[in-house]
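Report on the following structure.
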Amino acid sequence: MFCMGFSRVQLGVCVSQIVKQDFPGKWPGVAEKVLMYLKSDRHDTWLGALVCLHQLVKHFECVLHVLMITL
């Protein structure tokens, strides 16, 4: 999850699309993988992991919002 500058933006876009299309069916372990990078002693992986976590949270906020509207 090490990435710099523009690569971090691309990581966010890619993760966003993958989460929308493939999570959790084809990518069930992504949350555990992000957590592993956040717990790591390698500080250079934290920002990339946070970008991924942000995309996961955004996705579930949208899903929750849609569910609340339909109830």
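FYI, nothing fancy with the structure tokens labels: chains A, B, ... in order, residues from 1 per chain, ligands from 1 as they appear.
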
Excluding Gly48 (chain A) and any residue of its chain fewer than 2 positions from it, enumerate the residues within 10 Å of it, using only C-alpha atoms, and give them as an MDAnalysis selection string. chainID A and resid 1:4 7:9 11:12 34 37:38 43:46 50:54

Contacts of region 16-21 of chain A within 8 Å, only C-alpha atoms, excl. fewer than 5 positions in-chain, as an MDAnalysis selection string: chainID A and resid 27 52 55:56 59

Output for the residues just chosen: C-alpha atoms as a compact mmCIF listing (two decimals), in the first residue's frame:
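Contents of the output file out.txt:
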```
# COMPACT_ATOMS: atom_id res chain seq x y z
CA TRP A 27 -12.70 -9.19 -2.53
CA CYS A 52 -8.45 2.47 0.99
CA GLN A 55 -13.18 4.45 0.11
CA LEU A 56 -14.65 1.52 2.06
CA HIS A 59 -19.20 3.05 0.03
```

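As for CA of Glu61 (chain A) and CA of Ser40 (chain A), they are spaced 26.3 Å apart.
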
Choose the residue, out of A:Asp41, A:Ala49, A:Phe60, A:Leu35, that has the smallest atom-to-atom separation from Phe23 (chain A); count only C-alpha atoms. A:Phe60

To test your reading of the structure, identify every residue in chain A that backbone DSSP assigns to helix (DSSP H, G or I), and report it as a VMD selection string. chain A and resid 6 to 22 30 to 39 43 to 70

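Of note, CA of Asp22 (chain A) and CA of Leu64 (chain A) are spaced 17.6 Å apart.
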